[in-house]
Amino acid sequence: MRVLIVEDEWEVASLIKTGLEDYGFVANTAGDAMEAQHKLAENEYDIVVLDVNLPIINGFDLCRMIRNRYENLPILMLTALGSTDNKLSGFDAGADDYLVKPFEFRELVARLRALTRRNANQTAEPQILKIADLELNQQSKTVRRGNHKILLTARELALLEFFLKNQNRALTRNEITEHVWDLNFDTGTNVVDVYVNYLRKKIDKDFPLKLIHTISGIGYIMQATDD
C-alpha cells in the first residue's frame, strides 16, 4: 500500500514514515501543499495522511483540492487539533477519517487499512441504493430525490450510504460512528447528531415524506413512513 504523508515537521514525518514501513507500507513524505500536489501528480497513492497546520496552504484547503481532483482517494487527517469543530471542518473538507495527535500507531495502521478496504469495495461495481424516491449512485456519488439533484459532502454521502444499506433497522450512534467514521474516534462528541441534521436538511426538509427518524434513547432509523 502506497501512502503519502503530508507533514511539515520533518521529525514527525520521518517517524510516521518509518513506522508505516515497518508495517509493510510504502511511504513518501511532502512538507507542504505544493510538494504534495507534485507527488500526487507523479505517483499513484492508495491513501493520504494529512496534517492541518501546513505552511501557506493549510490542511483543510489542501484536502479540498485533493478531493476535487482525486475523488476516490482516501484521506486521513492526522493533527493535534482535536475539537469537534476541527473534526467537522476536516470532514466537510472531504476527509474520510480524522485522528488526533498524540496517537497509538496501531490505531493509525488499523484506520489506514480500514479506509483502503472500504475504498476497494466501493470501486468494485456500480450500484444504485434506493428508498422511496431517493437514490444514491455509488459509482458517480450522485444523489437524487425525485427530480431534484442533491449535493452532499463526502461525509454526508458516507452517512447516507450507511443508512440506505441498513433501511428499516434501528442504528445506535456508536454503530453509526464505528461504520461511517471507521473507528470510534471519540464517543464524547456529538458529530453523529450534527451530521444527521445536515443530511436531514438536504434530503428531508423540503419533502413531505420524511426518511430519517429519531428513535429516543437509541439513535436513528431510515424508513419510508410518515410516523
# chains A, B, ... in the order shown; residues from 1 in each chain; ligands from 1

call {"tool": "select_by_dssp", "arguments": {"residues": "stretch 4-223 of chain A", "states": "strand (DSSP E or B)", "output": "ChimeraX atom specification"}}
result
/A:4-6,26-30,47-50,75-79,97-100,128-131,134-137,142-145,148-150,171-172,212-215,219-222

call {"tool": "select_by_dssp", "arguments": {"residues": "chain A", "states": "alpha helix (DSSP H)", "output": "MDAnalysis selection string"}}
result
chainID A and resid 10:22 33:42 59:69 84:93 105:122 154:165 173:180 191:203

call {"tool": "closest_residue", "arguments": {"among": "A:Asn86, A:Thr214, A:Asn28, A:Thr225", "to": "A:Leu4", "atoms": "only C-alpha atoms"}}
result
A:Asn28

call {"tool": "closest_atom_pairs", "arguments": {"of": "stretch 124-214 of chain A", "to": "stretch 66-76 of chain A", "cutoff": "12 Å", "atoms": "only C-alpha atoms", "output": "CSV"}}
result
residue,atom,partner,partner_atom,distance
A:Gln138,CA,A:Asn72,CA,11.1
A:Gln139,CA,A:Asn72,CA,9.8
A:Ser140,CA,A:Glu71,CA,9.7
A:Lys141,CA,A:Glu71,CA,9.4
A:Thr153,CA,A:Arg67,CA,10.4
A:Ala154,CA,A:Arg67,CA,8.9
A:Arg155,CA,A:Ile75,CA,11.6
A:Trp181,CA,A:Leu76,CA,10.5
A:Asp182,CA,A:Leu76,CA,10.9

call {"tool": "write_last_selection", "arguments": {"atoms": "C-alpha atoms", "output": "compact mmCIF listing (two decimals), in the first residue's frame"}}
result
# COMPACT_ATOMS: atom_id res chain seq x y z
CA GLN A 138 -22.39 4.65 -5.53
CA GLN A 139 -20.22 4.91 -8.62
CA SER A 140 -20.86 8.55 -9.56
CA LYS A 141 -21.58 9.62 -5.95
CA THR A 153 -20.22 16.38 1.22
CA ALA A 154 -18.09 13.23 1.32
CA ARG A 155 -19.04 12.58 4.94
CA TRP A 181 -16.04 7.07 10.63
CA ASP A 182 -14.38 3.62 10.54

call {"tool": "residues_around", "arguments": {"residues": "A:Thr79", "least_positions_apart": "4", "cutoff": "6 Å", "atoms": "only C-alpha atoms", "output": "number ranges by chain"}}
result
A: 51-52, 100-101

call {"tool": "residues_around", "arguments": {"residues": "A:Arg113", "least_positions_apart": "6", "cutoff": "12 Å", "atoms": "only C-alpha atoms", "output": "MDAnalysis selection string"}}
result
chainID A and resid 1:3 20 23:25 46:48 74:76 97 106:107 119:120 182:183

call {"tool": "write_last_selection", "arguments": {"atoms": "N, CA and C atoms", "output": "PDB file, in the first residue's frame"}}
result
ATOM      1  N   MET A   1       0.848  -1.185   0.000  1.00  0.00           N
ATOM      2  CA  MET A   1       0.000   0.000   0.000  1.00  0.00           C
ATOM      3  C   MET A   1       0.892   1.247   0.000  1.00  0.00           C
ATOM      4  N   ARG A   2       0.657   2.174  -0.920  1.00  0.00           N
ATOM      5  CA  ARG A   2       1.442   3.400  -1.033  1.00  0.00           C
ATOM      6  C   ARG A   2       0.731   4.535  -0.302  1.00  0.00           C
ATOM      7  N   VAL A   3       1.464   5.189   0.596  1.00  0.00           N
ATOM      8  CA  VAL A   3       0.914   6.256   1.430  1.00  0.00           C
ATOM      9  C   VAL A   3       1.704   7.533   1.200  1.00  0.00           C
ATOM     10  N   LEU A  20       5.254   3.266   9.414  1.00  0.00           N
ATOM     11  CA  LEU A  20       4.411   2.635   8.404  1.00  0.00           C
ATOM     12  C   LEU A  20       5.200   1.618   7.585  1.00  0.00           C
ATOM     13  N   TYR A  23       5.348  -1.684   9.034  1.00  0.00           N
ATOM     14  CA  TYR A  23       4.127  -2.470   8.852  1.00  0.00           C
ATOM     15  C   TYR A  23       3.926  -2.897   7.392  1.00  0.00           C
ATOM     16  N   GLY A  24       4.895  -2.629   6.546  1.00  0.00           N
ATOM     17  CA  GLY A  24       4.811  -3.079   5.170  1.00  0.00           C
ATOM     18  C   GLY A  24       4.283  -2.062   4.181  1.00  0.00           C
ATOM     19  N   PHE A  25       4.032  -0.825   4.623  1.00  0.00           N
ATOM     20  CA  PHE A  25       3.574   0.227   3.728  1.00  0.00           C
ATOM     21  C   PHE A  25       4.759   0.791   2.935  1.00  0.00           C
ATOM     22  N   ASP A  46      -2.442   5.018  -2.558  1.00  0.00           N
ATOM     23  CA  ASP A  46      -3.666   4.376  -2.089  1.00  0.00           C
ATOM     24  C   ASP A  46      -4.366   5.196  -1.026  1.00  0.00           C
ATOM     25  N   ILE A  47      -3.610   6.096  -0.362  1.00  0.00           N
ATOM     26  CA  ILE A  47      -4.191   6.883   0.721  1.00  0.00           C
ATOM     27  C   ILE A  47      -3.258   8.045   1.050  1.00  0.00           C
ATOM     28  N   VAL A  48      -3.836   9.117   1.616  1.00  0.00           N
ATOM     29  CA  VAL A  48      -3.065  10.290   2.037  1.00  0.00           C
ATOM     30  C   VAL A  48      -3.256  10.502   3.531  1.00  0.00           C
ATOM     31  N   PRO A  74      -8.681   7.975  -0.583  1.00  0.00           N
ATOM     32  CA  PRO A  74      -8.957   8.151   0.843  1.00  0.00           C
ATOM     33  C   PRO A  74      -7.983   9.138   1.488  1.00  0.00           C
ATOM     34  N   ILE A  75      -8.506   9.963   2.401  1.00  0.00           N
ATOM     35  CA  ILE A  75      -7.701  10.960   3.111  1.00  0.00           C
ATOM     36  C   ILE A  75      -7.944  10.818   4.605  1.00  0.00           C
ATOM     37  N   LEU A  76      -6.864  10.638   5.352  1.00  0.00           N
ATOM     38  CA  LEU A  76      -6.946  10.617   6.810  1.00  0.00           C
ATOM     39  C   LEU A  76      -6.221  11.844   7.337  1.00  0.00           C
ATOM     40  N   ASP A  97     -11.418  10.259   7.368  1.00  0.00           N
ATOM     41  CA  ASP A  97     -11.211   9.914   8.772  1.00  0.00           C
ATOM     42  C   ASP A  97     -10.355  10.996   9.403  1.00  0.00           C
ATOM     43  N   ARG A 106      -0.691   1.664  16.281  1.00  0.00           N
ATOM     44  CA  ARG A 106      -1.520   0.546  15.825  1.00  0.00           C
ATOM     45  C   ARG A 106      -2.883   1.026  15.362  1.00  0.00           C
ATOM     46  N   GLU A 107      -3.395   2.077  16.023  1.00  0.00           N
ATOM     47  CA  GLU A 107      -4.691   2.625  15.610  1.00  0.00           C
ATOM     48  C   GLU A 107      -4.580   3.299  14.255  1.00  0.00           C
ATOM     49  N   ASN A 119     -12.533   1.616   0.373  1.00  0.00           N
ATOM     50  CA  ASN A 119     -12.407   2.211  -0.958  1.00  0.00           C
ATOM     51  C   ASN A 119     -12.386   1.144  -2.037  1.00  0.00           C
ATOM     52  N   ALA A 120     -11.712   0.018  -1.766  1.00  0.00           N
ATOM     53  CA  ALA A 120     -11.673  -1.083  -2.732  1.00  0.00           C
ATOM     54  C   ALA A 120     -13.062  -1.659  -2.960  1.00  0.00           C
ATOM     55  N   ASP A 182     -15.290   4.770  10.526  1.00  0.00           N
ATOM     56  CA  ASP A 182     -14.378   3.617  10.540  1.00  0.00           C
ATOM     57  C   ASP A 182     -14.018   3.125  11.931  1.00  0.00           C
ATOM     58  N   LEU A 183     -13.643   4.022  12.837  1.00  0.00           N
ATOM     59  CA  LEU A 183     -13.378   3.620  14.209  1.00  0.00           C
ATOM     60  C   LEU A 183     -14.037   4.637  15.127  1.00  0.00           C
TER      61      LEU A 183
END

call {"tool": "atom_distance", "arguments": {"atom1": "atom CA of A:Phe105", "atom2": "atom CA of A:Val12"}}
result
12.5 Å

call {"tool": "closest_atom_pairs", "arguments": {"of": "stretch 58-131 of chain A", "to": "stretch 145-149 of chain A", "cutoff": "12 Å", "atoms": "only C-alpha atoms", "output": "Markdown table"}}
result
| residue | atom | partner | partner_atom | distance |
| --- | --- | --- | --- | --- |
| A:Leu129 | CA | A:Arg145 | CA | 11.9 |
| A:Lys130 | CA | A:Arg145 | CA | 9.6 |
| A:Ile131 | CA | A:Arg145 | CA | 9.5 |

call {"tool": "write_last_selection", "arguments": {"atoms": "C-alpha atoms", "output": "compact mmCIF listing (two decimals), in the first residue's frame"}}
result
# COMPACT_ATOMS: atom_id res chain seq x y z
CA LEU A 129 -29.16 2.38 -3.46
CA LYS A 130 -32.78 3.49 -3.18
CA ILE A 131 -35.58 4.20 -0.73

call {"tool": "residues_around", "arguments": {"residues": "A:Ala13", "least_positions_apart": "3", "cutoff": "12 Å", "atoms": "only C-alpha atoms", "output": "number ranges by chain"}}
result
A: 3-10, 16-20, 27-32, 49-51, 78-79

call {"tool": "residues_around", "arguments": {"residues": "A:Gly219", "least_positions_apart": "3", "cutoff": "8 Å", "atoms": "only C-alpha atoms", "output": "PyMOL selection string"}}
result
chain A and resi 170-173+214-216

call {"tool": "write_last_selection", "arguments": {"atoms": "C-alpha atoms", "output": "mmCIF file, in the first residue's frame"}}
result
data_model
loop_
_atom_site.group_PDB
_atom_site.id
_atom_site.type_symbol
_atom_site.label_atom_id
_atom_site.label_comp_id
_atom_site.auth_asym_id
_atom_site.auth_seq_id
_atom_site.Cartn_x
_atom_site.Cartn_y
_atom_site.Cartn_z
ATOM 1 C CA ALA A 170 -32.524 0.955 14.311
ATOM 2 C CA LEU A 171 -28.946 2.252 14.386
ATOM 3 C CA THR A 172 -27.219 3.455 17.543
ATOM 4 C CA ARG A 173 -24.934 6.487 17.494
ATOM 5 C CA THR A 214 -35.061 9.637 15.593
ATOM 6 C CA ILE A 215 -35.551 6.739 18.000
ATOM 7 C CA SER A 216 -35.476 8.112 21.522
#
